[in-house]
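Participant: Next up is a structure, given as structure tokens.
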Amino acid sequence: MLPGTINIKVKEKYPKFNINLHSYLTYIFSIRPSKKLESNKDPFDTNTKYCYYDQTHKDYQYTNEWLEFILKLFEEEKLSIEKIKKLYKNKEKLEIQEYE
């Protein structure tokens, strides 16, 4: 799935979710290199359980597991939108295993 598809599906349940929050989550949980903050990293350096780099289209595709992870994160109130924004602003990362 492309990021826009993830955004639409999460937004159906959580209307305050947006594409920026998706980008923040990919950074915070080291799902893929951040274009903005880690542009020197290999685009193939992804967490393949959740994401992979599509060399042909030069973009990232996300798995159903990633969508389910985000939904569960909000369902179980493990992170708030405010906390996600703060973590990203401070360039902090979290261990995904602690949230799975």
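Chains: A, B, ... in order of the structure tokens. Residues: from 1 per chain. Ligands: from 1, in order shown.
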Please return, as a list in words, all residues of chain A that DSSP assigns to strand (DSSP E or B) on the basis of the backbone.
Facilitator: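 Selection result, strand (DSSP E or B) within chain A: Cys51, Tyr52, Tyr53, Asp54, Asp59, Tyr60, Gln61 and Tyr62 of chain A.
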Participant: Tell me which protein, DNA and RNA residues are within 12 Å of A:Glu82, counting only C-alpha atoms, leaving out same-chain ones fewer than 6 positions away, and put them as a PyMOL selection string.
Facilitator: chain A and resi 16-17+21+24+88-89
Participant: Please save N, CA and C atoms of the selected residues as a tab-separated table (two decimals), in the first residue's frame.
Facilitator:
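Dumped everything to out34.tsv:
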chain	number	residue	atom	x	y	z
A	16	LYS	N	-8.41	12.54	12.97
A	16	LYS	CA	-7.32	13.51	13.14
A	16	LYS	C	-6.00	13.03	12.55
A	17	PHE	N	-5.97	11.77	12.12
A	17	PHE	CA	-4.75	11.22	11.51
A	17	PHE	C	-4.52	11.89	10.16
A	21	LEU	N	1.54	12.60	10.08
A	21	LEU	CA	1.66	11.68	11.21
A	21	LEU	C	2.18	10.32	10.74
A	24	TYR	N	5.83	10.71	10.40
A	24	TYR	CA	6.46	10.76	11.72
A	24	TYR	C	6.59	9.35	12.30
A	88	TYR	N	8.82	13.21	17.13
A	88	TYR	CA	9.40	13.55	15.83
A	88	TYR	C	10.17	14.87	15.90
A	89	LYS	N	9.57	15.86	16.52
A	89	LYS	CA	10.21	17.17	16.63
A	89	LYS	C	11.56	17.06	17.33
Participant: To test your reading of the structure, identify every residue in chain A that backbone DSSP assigns to alpha helix (DSSP H), and report it as a PyMOL selection string.
Facilitator: chain A and resi 3-13+19-28+64-75+81-89
Participant: Which one of A:Ile31, A:Leu25, A:Ile19, A:Ile6 sits closest to A:Tyr52 if you count only C-alpha atoms?
Facilitator: A:Ile31
Participant: Have a look at A:Lys41, A:Lys85, A:Thr48, A:His57 and name the one nearest to A:His22; count only C-alpha atoms.
Facilitator: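 Closest residue, counting only C-alpha atoms: A:Lys85.
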Participant: Can you tell me which residues surround A:Tyr50 at a distance of at most 7 Å, considering only C-alpha atoms, apart from same-chain residues fewer than 4 positions away, and format the answer as a list of chain:residue names?
Facilitator: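 So, after excluding close chain neighbours, the residues are A:Ile31, A:Tyr62, A:Thr63, A:Glu65, A:Trp66.
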Participant: Using the selection just defined, write its residues with N, CA and C atoms as a PDB file, in the first residue's frame.
Facilitator:
ATOM      1  N   ILE A  31      10.957   2.572  10.391  1.00  0.00           N
ATOM      2  CA  ILE A  31      10.364   1.710   9.371  1.00  0.00           C
ATOM      3  C   ILE A  31      11.085   1.880   8.038  1.00  0.00           C
ATOM      4  N   TYR A  62       3.812  -0.152   1.809  1.00  0.00           N
ATOM      5  CA  TYR A  62       3.601  -0.579   3.185  1.00  0.00           C
ATOM      6  C   TYR A  62       2.705  -1.809   3.214  1.00  0.00           C
ATOM      7  N   THR A  63       2.935  -2.648   4.203  1.00  0.00           N
ATOM      8  CA  THR A  63       2.213  -3.915   4.313  1.00  0.00           C
ATOM      9  C   THR A  63       0.934  -3.741   5.137  1.00  0.00           C
ATOM     10  N   GLU A  65       0.384  -5.403   7.699  1.00  0.00           N
ATOM     11  CA  GLU A  65       0.854  -5.444   9.086  1.00  0.00           C
ATOM     12  C   GLU A  65       1.121  -4.030   9.616  1.00  0.00           C
ATOM     13  N   TRP A  66       1.641  -3.159   8.756  1.00  0.00           N
ATOM     14  CA  TRP A  66       1.893  -1.778   9.161  1.00  0.00           C
ATOM     15  C   TRP A  66       0.568  -1.054   9.449  1.00  0.00           C
TER      16      TRP A  66
END
Participant: Counting only C-alpha atoms, figure out which residue out of A:Asn47, A:Asn64, A:Leu73, A:Arg32 gets nearest to A:Lys9.
Facilitator: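 Going through A:Asn47, A:Asn64, A:Leu73, A:Arg32 one by one, the smallest distance to A:Lys9 is for A:Asn64.
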Participant: Quote the spacing between atom CA of A:Phe69 and atom CA of A:Val10 in Å to one decimal place.
Facilitator: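 Interatomic distance, atom CA of A:Phe69 to atom CA of A:Val10: 10.5 Å.
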Participant: For a test of reading the model, state the distance in Å between atom CA of A:Glu76 and atom CA of A:Ser34, rounded to one decimal.
Facilitator: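 Between atom CA of A:Glu76 and atom CA of A:Ser34 the gap works out to 26.0 Å.
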Participant: Mind pulling up the distance from atom CA of A:Glu100 to atom CA of A:Tyr60?
Facilitator: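 Those two atoms sit 21.2 Å apart.
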Participant: Would you please work out which residue, of A:Thr46, A:Asn7, A:Gln55, A:Asn90, is nearest to A:Ser23 when using only C-alpha atoms?
Facilitator: A:Asn7
